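*Asks:* Data: target-v1.txt, compact mmCIF, N, CA, C and O atoms.
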# COMPACT_ATOMS: atom_id res chain seq x y z
N MET A 1 -5.61 -3.18 5.46
CA MET A 1 -4.36 -2.69 5.99
C MET A 1 -3.77 -1.72 4.98
O MET A 1 -3.75 -2.01 3.79
N THR A 2 -3.33 -0.57 5.46
CA THR A 2 -2.83 0.46 4.56
C THR A 2 -1.44 0.92 5.00
O THR A 2 -0.96 0.57 6.09
N LEU A 3 -0.84 1.73 4.15
CA LEU A 3 0.45 2.31 4.49
C LEU A 3 0.31 3.18 5.74
O LEU A 3 1.23 3.25 6.56
N ARG A 4 -0.83 3.81 5.90
CA ARG A 4 -1.08 4.63 7.10
C ARG A 4 -0.97 3.77 8.37
O ARG A 4 -0.36 4.18 9.35
N HIS A 5 -1.53 2.57 8.33
CA HIS A 5 -1.43 1.66 9.47
C HIS A 5 0.03 1.33 9.78
O HIS A 5 0.45 1.31 10.94
N ILE A 6 0.79 1.08 8.72
CA ILE A 6 2.22 0.75 8.89
C ILE A 6 2.96 1.91 9.52
O ILE A 6 3.76 1.73 10.44
N LYS A 7 2.72 3.12 9.02
CA LYS A 7 3.39 4.31 9.56
C LYS A 7 3.03 4.52 11.03
O LYS A 7 3.89 4.86 11.85
N ILE A 8 1.78 4.32 11.38
CA ILE A 8 1.36 4.47 12.77
C ILE A 8 2.05 3.42 13.63
O ILE A 8 2.59 3.73 14.70
N PHE A 9 2.05 2.17 13.18
CA PHE A 9 2.71 1.10 13.93
C PHE A 9 4.19 1.42 14.16
O PHE A 9 4.69 1.31 15.29
N LEU A 10 4.89 1.84 13.11
CA LEU A 10 6.31 2.16 13.25
C LEU A 10 6.53 3.34 14.19
O LEU A 10 7.50 3.34 14.96
N THR A 11 5.65 4.32 14.15
CA THR A 11 5.78 5.47 15.04
C THR A 11 5.61 5.05 16.49
O THR A 11 6.35 5.51 17.37
N VAL A 12 4.68 4.14 16.75
CA VAL A 12 4.50 3.62 18.11
C VAL A 12 5.78 2.91 18.57
O VAL A 12 6.26 3.14 19.68
N CYS A 13 6.35 2.10 17.70
CA CYS A 13 7.59 1.39 18.05
C CYS A 13 8.73 2.38 18.30
O CYS A 13 9.52 2.20 19.23
N GLU A 14 8.83 3.41 17.48
CA GLU A 14 9.90 4.41 17.61
C GLU A 14 9.76 5.26 18.87
O GLU A 14 10.73 5.86 19.31
N ASN A 15 8.56 5.33 19.42
CA ASN A 15 8.31 6.16 20.59
C ASN A 15 8.12 5.32 21.85
O ASN A 15 7.31 5.65 22.72
N GLY A 16 8.86 4.24 21.94
CA GLY A 16 8.85 3.42 23.15
C GLY A 16 7.51 2.77 23.43
O GLY A 16 7.15 2.56 24.59
N ASN A 17 6.78 2.43 22.37
CA ASN A 17 5.46 1.79 22.50
C ASN A 17 4.48 2.67 23.26
O ASN A 17 3.56 2.18 23.90
N ASN A 18 4.67 3.97 23.16
CA ASN A 18 3.82 4.93 23.87
C ASN A 18 2.82 5.53 22.88
O ASN A 18 3.20 6.25 21.95
N LEU A 19 1.53 5.23 23.09
CA LEU A 19 0.49 5.69 22.18
C LEU A 19 0.32 7.20 22.21
O LEU A 19 0.10 7.84 21.17
N THR A 20 0.41 7.79 23.41
CA THR A 20 0.22 9.24 23.54
C THR A 20 1.32 10.01 22.81
O THR A 20 1.03 10.94 22.05
N LYS A 21 2.57 9.63 23.02
CA LYS A 21 3.68 10.29 22.32
C LYS A 21 3.57 10.11 20.82
O LYS A 21 3.85 11.03 20.04
N SER A 22 3.16 8.93 20.41
CA SER A 22 3.01 8.65 18.98
C SER A 22 1.92 9.52 18.37
O SER A 22 2.09 10.05 17.27
N ALA A 23 0.81 9.65 19.07
CA ALA A 23 -0.28 10.48 18.58
C ALA A 23 0.16 11.93 18.42
O ALA A 23 -0.16 12.58 17.42
N GLU A 24 0.92 12.41 19.39
CA GLU A 24 1.42 13.79 19.32
C GLU A 24 2.34 13.97 18.12
O GLU A 24 2.26 14.96 17.40
N LYS A 25 3.21 13.00 17.89
CA LYS A 25 4.14 13.09 16.77
C LYS A 25 3.40 13.04 15.43
O LYS A 25 3.81 13.69 14.47
N LEU A 26 2.33 12.26 15.37
CA LEU A 26 1.56 12.11 14.13
C LEU A 26 0.48 13.17 13.96
O LEU A 26 -0.20 13.21 12.93
N PHE A 27 0.29 14.00 15.01
CA PHE A 27 -0.75 15.04 15.00
C PHE A 27 -2.15 14.44 14.82
O PHE A 27 -2.97 14.96 14.05
N ILE A 28 -2.38 13.33 15.50
CA ILE A 28 -3.71 12.73 15.52
C ILE A 28 -4.07 12.40 16.96
O ILE A 28 -3.22 12.44 17.85
N ALA A 29 -5.33 12.07 17.20
CA ALA A 29 -5.78 11.75 18.55
C ALA A 29 -5.27 10.38 18.97
O ALA A 29 -5.13 9.48 18.14
N GLN A 30 -5.01 10.24 20.27
CA GLN A 30 -4.51 8.97 20.80
C GLN A 30 -5.47 7.80 20.50
O GLN A 30 -5.01 6.72 20.14
N PRO A 31 -6.80 7.98 20.61
CA PRO A 31 -7.68 6.86 20.27
C PRO A 31 -7.55 6.40 18.81
O PRO A 31 -7.74 5.23 18.51
N ALA A 32 -7.19 7.32 17.92
CA ALA A 32 -6.99 6.94 16.51
C ALA A 32 -5.77 6.03 16.36
O ALA A 32 -5.79 5.09 15.56
N VAL A 33 -4.73 6.29 17.13
CA VAL A 33 -3.53 5.44 17.11
C VAL A 33 -3.90 4.06 17.66
O VAL A 33 -3.57 3.03 17.05
N SER A 34 -4.57 4.04 18.77
CA SER A 34 -4.99 2.79 19.39
C SER A 34 -5.88 1.98 18.44
O SER A 34 -5.73 0.75 18.31
N PHE A 35 -6.80 2.67 17.78
CA PHE A 35 -7.71 1.99 16.86
C PHE A 35 -6.96 1.41 15.67
O PHE A 35 -7.24 0.29 15.23
N ALA A 36 -5.99 2.15 15.13
CA ALA A 36 -5.20 1.66 13.99
C ALA A 36 -4.42 0.41 14.37
O ALA A 36 -4.36 -0.55 13.59
N ILE A 37 -3.85 0.39 15.57
CA ILE A 37 -3.12 -0.80 16.03
C ILE A 37 -4.08 -1.97 16.18
O ILE A 37 -3.78 -3.10 15.76
N SER A 38 -5.25 -1.72 16.74
CA SER A 38 -6.27 -2.77 16.90
C SER A 38 -6.70 -3.31 15.54
O SER A 38 -6.90 -4.53 15.38
N GLU A 39 -6.85 -2.42 14.55
CA GLU A 39 -7.23 -2.86 13.20
C GLU A 39 -6.16 -3.77 12.60
O GLU A 39 -6.48 -4.78 11.98
N LEU A 40 -4.90 -3.40 12.78
CA LEU A 40 -3.80 -4.24 12.29
C LEU A 40 -3.84 -5.62 12.93
O LEU A 40 -3.72 -6.64 12.25
N GLU A 41 -3.98 -5.63 14.24
CA GLU A 41 -4.00 -6.91 14.96
C GLU A 41 -5.20 -7.76 14.53
O GLU A 41 -5.07 -8.98 14.38
N HIS A 42 -6.33 -7.13 14.33
CA HIS A 42 -7.51 -7.85 13.90
C HIS A 42 -7.32 -8.38 12.48
O HIS A 42 -7.66 -9.54 12.16
N TYR A 43 -6.77 -7.56 11.60
CA TYR A 43 -6.56 -7.94 10.20
C TYR A 43 -5.67 -9.19 10.10
O TYR A 43 -5.95 -10.10 9.33
N TYR A 44 -4.59 -9.21 10.88
CA TYR A 44 -3.65 -10.34 10.82
C TYR A 44 -3.99 -11.45 11.81
O TYR A 44 -3.40 -12.53 11.75
N GLY A 45 -4.90 -11.19 12.71
CA GLY A 45 -5.31 -12.22 13.66
C GLY A 45 -4.24 -12.56 14.69
O GLY A 45 -4.17 -13.70 15.15
N VAL A 46 -3.41 -11.59 15.01
CA VAL A 46 -2.32 -11.82 15.97
C VAL A 46 -2.09 -10.52 16.75
O VAL A 46 -2.32 -9.43 16.25
N ARG A 47 -1.63 -10.66 17.96
CA ARG A 47 -1.32 -9.49 18.79
C ARG A 47 0.11 -9.03 18.50
O ARG A 47 1.04 -9.82 18.50
N PHE A 48 0.26 -7.74 18.23
CA PHE A 48 1.59 -7.17 18.04
C PHE A 48 2.13 -6.59 19.34
O PHE A 48 3.33 -6.38 19.47
N PHE A 49 1.24 -6.31 20.28
CA PHE A 49 1.63 -5.77 21.57
C PHE A 49 0.92 -6.52 22.68
O PHE A 49 -0.27 -6.83 22.56
N ASP A 50 1.66 -6.83 23.74
CA ASP A 50 1.04 -7.29 24.99
C ASP A 50 0.74 -6.06 25.80
O ASP A 50 1.54 -5.13 25.87
N ARG A 51 -0.43 -6.04 26.41
CA ARG A 51 -0.84 -4.91 27.23
C ARG A 51 -0.79 -5.35 28.69
O ARG A 51 -1.59 -6.14 29.13
N ILE A 52 0.21 -4.81 29.41
CA ILE A 52 0.42 -5.18 30.81
C ILE A 52 0.55 -3.90 31.63
O ILE A 52 1.42 -3.07 31.36
N SER A 53 -0.32 -3.74 32.61
CA SER A 53 -0.29 -2.58 33.51
C SER A 53 -0.23 -1.26 32.74
O SER A 53 0.62 -0.41 33.00
N HIS A 54 -1.13 -1.08 31.81
CA HIS A 54 -1.23 0.15 31.02
C HIS A 54 0.02 0.46 30.21
O HIS A 54 0.28 1.60 29.85
N ARG A 55 0.82 -0.56 29.92
CA ARG A 55 2.02 -0.41 29.08
C ARG A 55 1.93 -1.40 27.94
O ARG A 55 1.32 -2.45 28.06
N LEU A 56 2.59 -1.06 26.85
CA LEU A 56 2.63 -1.94 25.69
C LEU A 56 4.01 -2.56 25.56
O LEU A 56 5.03 -1.86 25.73
N TYR A 57 4.04 -3.84 25.26
CA TYR A 57 5.29 -4.57 25.04
C TYR A 57 5.17 -5.30 23.71
O TYR A 57 4.20 -6.03 23.47
N LEU A 58 6.15 -5.10 22.84
CA LEU A 58 6.14 -5.72 21.53
C LEU A 58 6.26 -7.24 21.65
O LEU A 58 7.15 -7.75 22.33
N THR A 59 5.37 -7.96 20.97
CA THR A 59 5.42 -9.42 20.96
C THR A 59 6.41 -9.88 19.88
O THR A 59 6.91 -9.07 19.09
N GLU A 60 6.64 -11.17 19.81
CA GLU A 60 7.50 -11.71 18.75
C GLU A 60 6.89 -11.44 17.38
O GLU A 60 7.60 -11.09 16.44
N ALA A 61 5.57 -11.58 17.27
CA ALA A 61 4.90 -11.26 16.01
C ALA A 61 5.06 -9.78 15.68
O ALA A 61 5.26 -9.40 14.53
N GLY A 62 5.00 -8.94 16.71
CA GLY A 62 5.18 -7.51 16.52
C GLY A 62 6.58 -7.18 16.04
O GLY A 62 6.77 -6.30 15.20
N LYS A 63 7.57 -7.89 16.56
CA LYS A 63 8.96 -7.68 16.12
C LYS A 63 9.13 -8.06 14.66
O LYS A 63 9.81 -7.36 13.89
N MET A 64 8.49 -9.17 14.25
CA MET A 64 8.57 -9.59 12.86
C MET A 64 7.86 -8.57 11.97
O MET A 64 8.39 -8.17 10.93
N PHE A 65 6.69 -8.11 12.41
CA PHE A 65 5.94 -7.13 11.63
C PHE A 65 6.72 -5.83 11.53
O PHE A 65 6.74 -5.19 10.46
N ARG A 66 7.39 -5.43 12.61
CA ARG A 66 8.19 -4.20 12.60
C ARG A 66 9.29 -4.29 11.54
O ARG A 66 9.56 -3.32 10.82
N SER A 67 9.90 -5.45 11.42
CA SER A 67 10.95 -5.63 10.42
C SER A 67 10.39 -5.46 9.01
O SER A 67 10.94 -4.71 8.19
N TYR A 68 9.29 -6.15 8.71
CA TYR A 68 8.66 -6.02 7.40
C TYR A 68 8.17 -4.59 7.17
O TYR A 68 8.35 -4.02 6.10
N ALA A 69 7.55 -4.01 8.17
CA ALA A 69 6.99 -2.66 8.05
C ALA A 69 8.10 -1.64 7.77
O ALA A 69 7.91 -0.71 6.98
N GLY A 70 9.25 -1.82 8.40
CA GLY A 70 10.38 -0.92 8.16
C GLY A 70 10.84 -0.99 6.71
O GLY A 70 11.12 0.04 6.09
N HIS A 71 10.91 -2.20 6.17
CA HIS A 71 11.33 -2.37 4.77
C HIS A 71 10.29 -1.75 3.82
O HIS A 71 10.66 -1.06 2.87
N ILE A 72 9.03 -2.02 4.09
CA ILE A 72 7.96 -1.49 3.24
C ILE A 72 7.96 0.03 3.26
O ILE A 72 7.87 0.68 2.22
N SER A 73 8.09 0.60 4.43
CA SER A 73 8.08 2.05 4.57
C SER A 73 9.28 2.68 3.86
O SER A 73 9.14 3.68 3.15
N ALA A 74 10.45 2.09 4.02
CA ALA A 74 11.66 2.61 3.35
C ALA A 74 11.54 2.51 1.84
O ALA A 74 11.90 3.44 1.11
N LEU A 75 11.02 1.39 1.36
CA LEU A 75 10.84 1.20 -0.07
C LEU A 75 9.84 2.21 -0.63
O LEU A 75 10.06 2.80 -1.70
N PHE A 76 8.76 2.44 0.10
CA PHE A 76 7.77 3.43 -0.33
C PHE A 76 8.39 4.83 -0.38
O PHE A 76 8.17 5.57 -1.33
N ASP A 77 9.17 5.18 0.65
CA ASP A 77 9.83 6.49 0.67
C ASP A 77 10.78 6.65 -0.51
O ASP A 77 10.84 7.72 -1.13
N ASP A 78 11.52 5.59 -0.85
CA ASP A 78 12.42 5.63 -2.00
C ASP A 78 11.64 5.83 -3.30
O ASP A 78 12.05 6.60 -4.17
N MET A 79 10.51 5.13 -3.42
CA MET A 79 9.68 5.27 -4.61
C MET A 79 9.15 6.70 -4.73
O MET A 79 9.22 7.30 -5.79
N GLU A 80 8.67 7.24 -3.62
CA GLU A 80 8.15 8.61 -3.62
C GLU A 80 9.22 9.59 -4.08
O GLU A 80 8.97 10.44 -4.93
N LYS A 81 10.42 9.46 -3.53
CA LYS A 81 11.51 10.37 -3.88
C LYS A 81 11.88 10.22 -5.35
O LYS A 81 12.05 11.21 -6.06
N GLY A 82 11.96 8.99 -5.82
CA GLY A 82 12.32 8.74 -7.22
C GLY A 82 11.31 9.29 -8.19
O GLY A 82 11.67 9.91 -9.20
N ILE A 83 10.05 9.10 -7.89
CA ILE A 83 9.01 9.58 -8.79
C ILE A 83 8.91 11.10 -8.75
O ILE A 83 8.79 11.75 -9.79
N ARG A 84 9.00 11.68 -7.58
CA ARG A 84 8.90 13.15 -7.47
C ARG A 84 10.09 13.85 -8.14
O ARG A 84 9.97 14.95 -8.63
N ASP A 85 11.26 13.19 -8.14
CA ASP A 85 12.45 13.78 -8.75
C ASP A 85 12.59 13.40 -10.23
O ASP A 85 13.59 13.73 -10.85
N TRP A 86 11.61 12.70 -10.76
CA TRP A 86 11.70 12.19 -12.12
C TRP A 86 11.99 13.29 -13.14
O TRP A 86 12.87 13.16 -13.99
N GLY A 87 11.30 14.39 -13.04
CA GLY A 87 11.46 15.48 -14.00
C GLY A 87 12.83 16.14 -13.94
O GLY A 87 13.31 16.69 -14.93
N SER A 88 13.48 16.09 -12.81
CA SER A 88 14.78 16.74 -12.68
C SER A 88 15.93 15.86 -13.15
O SER A 88 17.05 16.33 -13.26
N MET A 89 15.65 14.61 -13.44
CA MET A 89 16.71 13.70 -13.87
C MET A 89 17.14 13.95 -15.31
O MET A 89 18.27 13.72 -15.67
N GLY A 90 16.23 14.40 -16.14
CA GLY A 90 16.57 14.60 -17.54
C GLY A 90 16.62 13.28 -18.28
O GLY A 90 16.65 12.21 -17.68
N ILE A 91 16.63 13.38 -19.58
CA ILE A 91 16.65 12.17 -20.41
C ILE A 91 17.81 12.29 -21.39
O ILE A 91 17.99 13.33 -22.03
N LEU A 92 18.55 11.26 -21.50
CA LEU A 92 19.65 11.20 -22.45
C LEU A 92 19.24 10.24 -23.55
O LEU A 92 18.94 9.07 -23.29
N ARG A 93 19.20 10.75 -24.78
CA ARG A 93 18.84 9.91 -25.91
C ARG A 93 20.06 9.77 -26.81
O ARG A 93 20.69 10.76 -27.16
N ILE A 94 20.35 8.57 -27.16
CA ILE A 94 21.48 8.30 -28.05
C ILE A 94 20.93 7.63 -29.29
O ILE A 94 20.19 6.66 -29.22
N CYS A 95 21.31 8.16 -30.41
CA CYS A 95 20.84 7.61 -31.67
C CYS A 95 22.06 7.14 -32.45
O CYS A 95 23.02 7.89 -32.63
N LEU A 96 22.04 5.93 -32.87
CA LEU A 96 23.12 5.38 -33.68
C LEU A 96 22.63 5.28 -35.11
O LEU A 96 21.59 4.71 -35.39
N LEU A 97 23.39 5.84 -36.00
CA LEU A 97 23.05 5.75 -37.41
C LEU A 97 23.97 4.73 -38.05
O LEU A 97 25.18 4.75 -37.87
N TYR A 98 23.37 3.88 -38.78
CA TYR A 98 24.13 2.86 -39.48
C TYR A 98 24.04 3.13 -40.97
O TYR A 98 22.95 3.28 -41.51
N THR A 99 25.16 3.23 -41.59
CA THR A 99 25.15 3.37 -43.02
C THR A 99 25.89 2.18 -43.60
O THR A 99 26.93 1.74 -43.09
N SER A 100 25.35 1.66 -44.63
CA SER A 100 25.99 0.50 -45.24
C SER A 100 27.18 0.98 -46.09
O SER A 100 27.14 2.08 -46.65
N PRO A 101 28.22 0.19 -46.14
CA PRO A 101 29.37 0.60 -46.95
C PRO A 101 29.00 0.68 -48.43
O PRO A 101 28.21 -0.09 -48.93
N SER A 102 29.54 1.67 -49.13
CA SER A 102 29.23 1.81 -50.55
C SER A 102 30.04 0.80 -51.35
O SER A 102 31.19 0.52 -51.02
N PRO A 103 29.42 0.30 -52.40
CA PRO A 103 30.12 -0.73 -53.22
C PRO A 103 31.27 -0.23 -54.04
O PRO A 103 31.69 0.73 -54.31
As structure tokens, how would this structure be written, given the file I've shared?
*Replies:*
Amino acid sequence: MTLRHIKIFLTVCENGNNLTKSAEKLFIAQPAVSFAISELEHYYGVRFFDRISHRLYLTEAGKMFRSYAGHISALFDDMEKGIRDWGSMGILRICLLYTSPSP
């Protein structure tokens, strides 16, 4: 399971559980989106979507995974921004000199 899987899963959720719209948004083929979701479900051994009449419906496990995935994705985005902006932050160095009192 990779961050790519998480991003694909979240995109599917954000696009009304529609694989075709999600694929278009991600600029990948629809079968790749479907395969990534299947890999996630296989990896965890649980269904994240019920498939009824050619539609996807988020299961309770899927809702829990969406919550975790959202946190992971946001945390990763924060890390990326922080690391990429590292050089622009600058460094402040403070040096304290201690001198002993003269006798």
*Asks:* So how many Å separate atom CA of A:Ala69 and atom CA of A:Lys7, to one decimal?
*Replies:*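 Between atom CA of A:Ala69 and atom CA of A:Lys7 the gap is 8.0 Å.
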*Asks:* Scan for residues within 12 Å of the point (-5.7, -2.1, 13.7) in the coordinates of the file, using only C-alpha atoms, and reply as a ChimeraX atom specification.
*Replies:* /A:1-9,31-49
*Asks:* DSSP on the backbone, then: every residue of stretch 27-67 of chain A marked helix (DSSP H, G or I), written as a PyMOL selection string.
*Replies:* chain A and resi 30-44+60-67
*Asks:* One number please: atom CA of A:Val12 to atom CA of A:Leu26, in Å, one decimal.
*Replies:*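 The value is 9.8 Å.
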*Asks:* Go ahead and compute the interatomic distance for atom CA of A:Gly16 and atom CA of A:Asp78, in Å to one decimal.
*Replies:* 25.5 Å
*Asks:* DSSP on the backbone: what in chain A comes out strand (DSSP E), as number ranges by chain?
*Replies:* A: 49-52, 55-58
*Asks:* For stretch 59-77 of chain A, what centre and edge lengths in Å (one decimal) does the axis-aligned box get once 8 Å is added on each side of all its listed atoms, as JSON?
*Replies:*
{"center_x": 8.4, "center_y": -2.0, "center_z": 9.6, "size_x": 23.0, "size_y": 35.4, "size_z": 38.7}
